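Taking it in order: structure first as structure tokens, then the write-up.
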Amino acid sequence: MRWKRMNENEWKEVAAFVDTLLIPVHSLTLREKAVEAGDSRLVEAVAEELEKSLTGRILLLPSISYIGQNPDVFKAYISEIIREMNQSGFYYLVLIAGPNQGFLTDLLEDEPPGGFISTVCHVVNRSEGQPAEEALESEHGELFEKVLNMWQNHS
């Protein structure tokens with residue numbers, strides 16, 4: 001399910017079946033009207049592919065984009081979002097992050113969100129020169145396995 005594409009009535013019909021939140025997280029750099037998105041497109045594409053594969057059990061939320069040079073500010077921000085989500089009624093949380101947000105894995109290990117049964121943070125890591133389609137397939141497969149393992153081990 002994609003939050004962007006649902007209205008309130010559609011959500012009410014499926015909410016009981018959806019137990020997992022999926023959130024893409026990536027950084028952007030804006031300088032002199034130039035936008036450097038890095039692997040943000042890959043992060044978004046992996047999230048969309050995972051949602052397609054697991055439709056009916058997972059809710060894809062809008063991305064969280066980070067602009068700035070101070071990761072501590074972003075850590076505090078994302079920590080607050082996760083704390084708020086602990087009250088959401090969802091059982092699982094999946095974060096998909098760009099390579100510059102690898103600290104999210106440590107954050108979830110250091111401060112595991114108490115309201116969720118389990119969390120997964122997947123950091124995309126496209127090899128230099130790797131075609132986009134190949135990277136998407138590889139990252140999607142790896143994350144798909146992580147999510148299935150999370151569900152199987154914590155159901």
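In the structure tokens, chains take the letters A, B, ... in the order shown, each chain's residues start at 1, and ligands count up from 1 in the order shown.
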*So which bits of segment 45-151 of chain A end up alpha helix (DSSP H) when you DSSP the backbone, as an MDAnalysis selection string?*
chainID A and resid 45:53 71:85 103:110 132:151
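Residues with any atom within 6 Å of segment 85-95 of chain A, counting only C-alpha atoms and excluding same-chain neighbours fewer than 4 positions away, are Asp19, Thr20, Leu21, Leu22, Ile23, Pro24, Gly115, Phe116, Ile117, Ser118, Thr119, Val120 and Cys121 of chain A.
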*What lies within 7 Å of Leu50 of chain A using only C-alpha atoms, ignoring chain neighbours under 3 positions off, as a PyMOL selection string?*
chain A and resi 46-47+53-54+140+144
Store the residues of this selection in a file with all heavy atoms, as a compact mmCIF listing (two decimals), in the first residue's frame.
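Generated file (out_24.txt):
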# COMPACT_ATOMS: atom_id res chain seq x y z
N VAL A 46 13.96 0.99 -4.76
CA VAL A 46 13.96 -0.23 -3.95
C VAL A 46 12.73 -0.25 -3.06
O VAL A 46 12.06 -1.29 -2.93
CB VAL A 46 15.26 -0.35 -3.12
CG1 VAL A 46 15.17 -1.48 -2.12
CG2 VAL A 46 16.47 -0.53 -4.02
N ALA A 47 12.39 0.88 -2.46
CA ALA A 47 11.20 0.95 -1.61
C ALA A 47 9.94 0.63 -2.41
O ALA A 47 9.08 -0.14 -1.96
CB ALA A 47 11.09 2.34 -0.98
N SER A 53 6.09 -5.98 -4.12
CA SER A 53 6.26 -7.40 -3.80
C SER A 53 5.46 -7.81 -2.58
O SER A 53 5.06 -8.96 -2.46
CB SER A 53 7.74 -7.72 -3.53
OG SER A 53 8.53 -7.42 -4.64
N LEU A 54 5.26 -6.90 -1.65
CA LEU A 54 4.64 -7.24 -0.37
C LEU A 54 3.33 -6.46 -0.14
O LEU A 54 2.93 -6.26 1.00
CB LEU A 54 5.63 -6.98 0.76
CG LEU A 54 6.93 -7.77 0.67
CD1 LEU A 54 7.93 -7.31 1.71
CD2 LEU A 54 6.66 -9.27 0.77
N HIS A 140 16.82 -4.97 -4.00
CA HIS A 140 15.46 -5.42 -3.71
C HIS A 140 15.49 -6.85 -3.17
O HIS A 140 14.83 -7.16 -2.17
CB HIS A 140 14.57 -5.34 -4.96
CG HIS A 140 13.26 -6.02 -4.78
ND1 HIS A 140 13.02 -7.29 -5.25
CD2 HIS A 140 12.12 -5.64 -4.16
CE1 HIS A 140 11.80 -7.65 -4.93
NE2 HIS A 140 11.22 -6.66 -4.27
N PHE A 144 14.21 -7.80 0.50
CA PHE A 144 13.07 -8.71 0.55
C PHE A 144 13.35 -9.86 1.52
O PHE A 144 12.51 -10.20 2.36
CB PHE A 144 12.78 -9.24 -0.87
CG PHE A 144 11.57 -10.11 -0.97
CD1 PHE A 144 10.31 -9.56 -1.14
CD2 PHE A 144 11.68 -11.49 -0.90
CE1 PHE A 144 9.19 -10.36 -1.24
CE2 PHE A 144 10.56 -12.30 -1.00
CZ PHE A 144 9.31 -11.74 -1.18
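Considering only C-alpha atoms, the residue among A:Ser27, A:Thr105, A:Asn9, A:Asn149 positioned nearest to Leu42 of chain A is A:Ser27.
Atom CA of Ile96 of chain A is positioned 8.5 Å from atom CA of Leu143 of chain A.
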*asked:* From a backbone DSSP assignment, name each residue in segment 7-86 of chain A labelled strand (DSSP E or B), as a PyMOL selection string.
replied: chain A and resi 20-31+34-36+55+58-60+64-67
Write out, as a tab-separated table (two decimals), in the first residue's frame, the residues just selected, with N, CA and C atoms.
chain	number	residue	atom	x	y	z
A	20	THR	N	3.32	-3.43	8.78
A	20	THR	CA	4.70	-3.00	8.59
A	20	THR	C	4.77	-1.63	7.93
A	21	LEU	N	5.58	-0.75	8.51
A	21	LEU	CA	5.86	0.55	7.91
A	21	LEU	C	7.17	0.48	7.13
A	22	LEU	N	7.19	1.10	5.97
A	22	LEU	CA	8.37	1.15	5.11
A	22	LEU	C	8.68	2.61	4.82
A	23	ILE	N	9.89	3.04	5.19
A	23	ILE	CA	10.25	4.45	5.02
A	23	ILE	C	11.59	4.58	4.31
A	24	PRO	N	11.61	5.21	3.14
A	24	PRO	CA	12.88	5.52	2.48
A	24	PRO	C	13.51	6.76	3.13
A	25	VAL	N	14.81	6.73	3.34
A	25	VAL	CA	15.55	7.85	3.94
A	25	VAL	C	16.76	8.12	3.06
A	26	HIS	N	16.92	9.37	2.65
A	26	HIS	CA	18.08	9.70	1.80
A	26	HIS	C	18.47	11.17	1.95
A	27	SER	N	19.65	11.48	1.47
A	27	SER	CA	20.13	12.85	1.57
A	27	SER	C	20.12	13.52	0.20
A	28	LEU	N	20.04	14.83	0.24
A	28	LEU	CA	20.13	15.67	-0.96
A	28	LEU	C	21.13	16.78	-0.67
A	29	THR	N	21.81	17.19	-1.69
A	29	THR	CA	22.71	18.33	-1.57
A	29	THR	C	22.26	19.38	-2.58
A	30	LEU	N	22.07	20.59	-2.10
A	30	LEU	CA	21.64	21.70	-2.95
A	30	LEU	C	22.69	22.79	-2.90
A	31	ARG	N	23.31	23.05	-4.03
A	31	ARG	CA	24.32	24.13	-4.11
A	31	ARG	C	24.22	24.80	-5.46
A	34	ALA	N	22.08	23.48	-8.11
A	34	ALA	CA	22.36	22.11	-8.54
A	34	ALA	C	21.89	21.17	-7.44
A	35	VAL	N	21.21	20.13	-7.85
A	35	VAL	CA	20.71	19.14	-6.89
A	35	VAL	C	21.49	17.85	-7.09
A	36	GLU	N	22.15	17.43	-6.03
A	36	GLU	CA	22.84	16.15	-6.06
A	36	GLU	C	22.02	15.19	-5.22
A	55	THR	N	2.68	-6.05	-1.21
A	55	THR	CA	1.44	-5.30	-1.11
A	55	THR	C	0.44	-6.08	-0.27
A	58	ILE	N	2.37	-4.23	3.86
A	58	ILE	CA	3.36	-3.18	4.10
A	58	ILE	C	2.81	-1.84	3.61
A	59	LEU	N	3.09	-0.78	4.36
A	59	LEU	CA	2.66	0.57	4.00
A	59	LEU	C	3.89	1.41	3.69
A	60	LEU	N	4.01	1.87	2.46
A	60	LEU	CA	5.10	2.73	2.04
A	60	LEU	C	4.73	4.17	2.36
A	64	ILE	N	11.82	10.42	3.74
A	64	ILE	CA	12.40	11.43	4.61
A	64	ILE	C	13.72	11.84	3.96
A	65	SER	N	13.79	13.09	3.53
A	65	SER	CA	15.00	13.59	2.89
A	65	SER	C	15.78	14.45	3.87
A	66	TYR	N	17.06	14.33	3.80
A	66	TYR	CA	17.94	15.08	4.69
A	66	TYR	C	18.82	16.00	3.86
A	67	ILE	N	18.82	17.27	4.19
A	67	ILE	CA	19.70	18.25	3.56
A	67	ILE	C	20.51	18.87	4.68
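Atom CA of Glu139 of chain A is found 25.7 Å from atom CA of Gly68 of chain A.
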*Compile the contact shell of Pro71 of chain A as a ChimeraX atom specification: residues with an atom at most 12 Å away, counting only C-alpha atoms, same-chain residues fewer than 2 positions apart removed.*
/A:26-27,66-69,73-79,100-104,107
